[in-house]
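A quick write-up on the structure given underneath.
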Amino acid sequence: MADPDIGVAPYWELTFDADGDVDGTERDRLLAGAGRPPVRDLIVFAHGWNNDRSEATRLYGGFFAPIPRLAPAAGIGYVGVVWPSMRFCDEPIPDFPRSTAAGPAPSTGLDKDTRRALRGTFPGRAAVVDALARMLDGPVREPAALEEFGRLVGRLTEDVSPGPAARFAADTVTEGVPQHGPAMFARPAADVCAEFAGALAGLQDPGGQRSFTLPNPWNGAKELLRQATYYTMKRRAGVVGERGLGPVLGRLAQAAPGVRVHLVGHSFGGRLVSFALNGLPEGVRTVKSVTLLQGAFSHYAFASRLPGDPRAGGVLRGRERRVDGPLVCCHSLFDTALGTLYPLASRMADDDRSVLGVDVGALLGPAWGAMGHDGVQAVTGTRACTLATALAGPLPVSGCVNVDASEVVRRGGPPAGAHNDILHPELAQVVLAAGRVH
């Protein structure tokens, strides 16, 4: 019987904690059930940022809904991955297509639900979260107060120490250079917040017609806090993927060797399923496709070498070869979360040079781009196509494939743009085409 909140069957959930430990009862239920006919293909979907299971369930139900109609004869099973991520409440959850109207500018304060989510994301830091909320909501706007705000934000990520585990938060690695925490938290908060404020003002007023004055740095303070949570979730997605989902897929290959697995990830969920390839036991070839929907990680993550730097490569270099089929990356130029804020934050996380007063679009260039904005980069043999071409098929049988989904992924206002506009039957059809599920 189908889960009433999902509408497809058979459906299983896999719940992971922040360390990648899986709920054993759920795992065993999947291992026992997935190998039973008529399941031949198993679609495993990992969400991006959200705050609770109900939001994840809503996403999975919406995305899976058209699949029985698109592939009525296929023996398909469904898995929803639930992991501890966080969504600021001014960010929409993936939903059915809505108006493209931007609506009012996002608030610079913190609502009670976001405060609650922050306390859960940073256990033991409730006092810090409350202090940050008071500063965002209060009338104080002196530079000294902004520096204190930056210091408090830095405390939220200070437990992420350098060392081998730091690679879970990395997009690229350089030989002989240790990983470190985000440099933006060591820079003057006024400079960093001013850069974020400028980027946000550009998203609200893309034509630059409203004002020629410099934006108030405090207007970027909330974005600095948002980036602290993103950094934490970025690391957590890598941990859950490699230490959690990857080993579960290995056990599934033993329990149900005939089942073909198709991984799907949205936003940071794309990072999670990609790191799951890192955690696959040697020789496991049951993953037949990977589809990334607006993946919130570097477009160089799979690169063997970065352009212009022979010592550096992607943190997941070569891992696409662990897929016995294609790795498909759907991207959209309407995703402003990845097209503007992600590269700016990535640059400031790794570089202490200020970009204040410089055209952001010209400065960011390709070095800081995100997978979901322009696709996989610097991987030999990567193919590119439009959404229409992908749907007409067939897709390549292996390697990386970039699919420009801007035709449908285009709705949403600032700050995220179309980042969450993924509930389209065309994208479900891409998943089926990538896995050759008929």
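Letters for chains follow the order of the structure tokens (A, B, ...), residue numbers begin at 1 for each chain, and ligand numbers begin at 1 in the order shown.
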task: Compile the contact shell of Gly314 in chain A as number ranges by chain: residues with an atom at most 10 Å away, counting only C-alpha atoms, same-chain residues fewer than 2 positions apart removed.
output: A: 170-174, 298-306, 312, 316-319, 378-379
Near-Trp83 in chain A list (8 Å; only C-alpha atoms; drop same-chain fewer than 3 positions) as a PyMOL selection string: chain A and resi 15-18+240
Next, dump the selected residues to file, keeping only N, CA and C atoms, as an mmCIF file, in the first residue's frame.
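Below is the file out15.cif, written as the result:
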data_model
loop_
_atom_site.group_PDB
_atom_site.id
_atom_site.type_symbol
_atom_site.label_atom_id
_atom_site.label_comp_id
_atom_site.auth_asym_id
_atom_site.auth_seq_id
_atom_site.Cartn_x
_atom_site.Cartn_y
_atom_site.Cartn_z
ATOM 1 N N THR A 15 16.362 7.456 7.106
ATOM 2 C CA THR A 15 16.652 8.626 7.926
ATOM 3 C C THR A 15 18.066 8.524 8.483
ATOM 4 N N PHE A 16 18.841 9.590 8.307
ATOM 5 C CA PHE A 16 20.223 9.637 8.770
ATOM 6 C C PHE A 16 20.383 10.774 9.775
ATOM 7 N N ASP A 17 21.302 10.592 10.735
ATOM 8 C CA ASP A 17 21.630 11.701 11.621
ATOM 9 C C ASP A 17 22.824 12.462 11.044
ATOM 10 N N ALA A 18 23.286 13.475 11.767
ATOM 11 C CA ALA A 18 24.334 14.344 11.254
ATOM 12 C C ALA A 18 25.660 13.626 11.054
ATOM 13 N N VAL A 240 26.923 12.481 5.383
ATOM 14 C CA VAL A 240 25.780 11.575 5.269
ATOM 15 C C VAL A 240 25.873 10.750 3.991
#
Give me the residues within 10 Å of Gly109 in chain A as a JSON list (two decimals) with N, CA, C and O atoms, in the first residue's frame, counting only C-alpha atoms and dropping any in the same chain fewer than 4 places off.
[["chain", "number", "residue", "atom", "x", "y", "z"],
["A", 114, "THR", "N", 12.73, 30.14, 12.08],
["A", 114, "THR", "CA", 14.14, 30.09, 11.69],
["A", 114, "THR", "C", 15.03, 30.02, 12.91],
["A", 114, "THR", "O", 16.04, 29.30, 12.92],
["A", 132, "LEU", "N", 22.43, 36.56, 18.05],
["A", 132, "LEU", "CA", 22.41, 36.98, 16.65],
["A", 132, "LEU", "C", 21.02, 37.47, 16.25],
["A", 132, "LEU", "O", 20.89, 38.48, 15.54],
["A", 133, "ALA", "N", 19.99, 36.79, 16.71],
["A", 133, "ALA", "CA", 18.63, 37.20, 16.38],
["A", 133, "ALA", "C", 18.32, 38.58, 16.95],
["A", 133, "ALA", "O", 17.70, 39.41, 16.27],
["A", 134, "ARG", "N", 18.76, 38.82, 18.18],
["A", 134, "ARG", "CA", 18.52, 40.15, 18.78],
["A", 134, "ARG", "C", 19.22, 41.24, 17.98],
["A", 134, "ARG", "O", 18.68, 42.33, 17.79],
["A", 135, "MET", "N", 20.42, 40.96, 17.50],
["A", 135, "MET", "CA", 21.16, 41.98, 16.74],
["A", 135, "MET", "C", 20.50, 42.25, 15.40],
["A", 135, "MET", "O", 20.46, 43.39, 14.94],
["A", 136, "LEU", "N", 19.99, 41.20, 14.76],
["A", 136, "LEU", "CA", 19.31, 41.40, 13.48],
["A", 136, "LEU", "C", 18.00, 42.14, 13.64],
["A", 136, "LEU", "O", 17.59, 42.92, 12.77],
["A", 137, "ASP", "N", 17.32, 41.90, 14.76],
["A", 137, "ASP", "CA", 16.01, 42.52, 14.98],
["A", 137, "ASP", "C", 16.11, 43.90, 15.62],
["A", 137, "ASP", "O", 15.14, 44.66, 15.59],
["A", 138, "GLY", "N", 17.25, 44.21, 16.20],
["A", 138, "GLY", "CA", 17.37, 45.44, 16.99],
["A", 138, "GLY", "C", 17.74, 46.65, 16.18],
["A", 138, "GLY", "O", 18.05, 46.58, 14.99],
["A", 219, "ASN", "N", 22.30, 45.03, 5.78],
["A", 219, "ASN", "CA", 21.38, 44.31, 4.92],
["A", 219, "ASN", "C", 21.98, 42.99, 4.44],
["A", 219, "ASN", "O", 21.25, 42.13, 3.94],
["A", 221, "ALA", "N", 23.94, 41.17, 6.62],
["A", 221, "ALA", "CA", 24.29, 40.40, 7.83],
["A", 221, "ALA", "C", 23.54, 39.07, 7.88],
["A", 221, "ALA", "O", 24.12, 38.03, 8.23],
["A", 222, "LYS", "N", 22.27, 39.07, 7.55],
["A", 222, "LYS", "CA", 21.52, 37.83, 7.57],
["A", 222, "LYS", "C", 22.09, 36.83, 6.57],
["A", 222, "LYS", "O", 22.10, 35.61, 6.81]]
message: What's around Gly24 in chain A at 12 Å? Count only C-alpha atoms, leave out sequence neighbours fewer than 5 positions away in its own chain, and write the answer as a ChimeraX atom specification.
response: /A:13-17,29-31,244,248
message: When DSSP is applied to the backbone of this structure, which of range 257-418 of chain A are assigned alpha helix (DSSP H)? Write them out as an MDAnalysis selection string.
response: chainID A and resid 268:278 336 342:350 360:364 371:374 387:392
task: For Gly258 in chain A, list every protein, DNA or RNA residue within 9 Å, evaluated using only C-alpha atoms, and leave out those in the same chain fewer than 4 positions away; present the list as a PyMOL selection string.
output: chain A and resi 35+40-41+253+286
Spatial neighbours of Leu391 in chain A, 10 Å, only C-alpha atoms, chain gap at least 2 places, as a PyMOL selection string: chain A and resi 385-389+393-395+403+426-427+429-434
query: Of the residues A:Thr340, A:Gln254, A:Asn50, A:Ser289, which is the one nearest to Asn420 in chain A, using only C-alpha atoms?
result: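 Distance minimum relative to Asn420 in chain A lands on A:Asn50.
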task: Would you kindly return, as a ChimeraX atom specification, each protein, DNA or RNA residue with an atom no farther than 12 Å from any atom of Ala32 in chain A, considering only C-alpha atoms and excluding same-chain residues fewer than 3 positions away?
output: /A:12,25-29,35-37,39,251-256
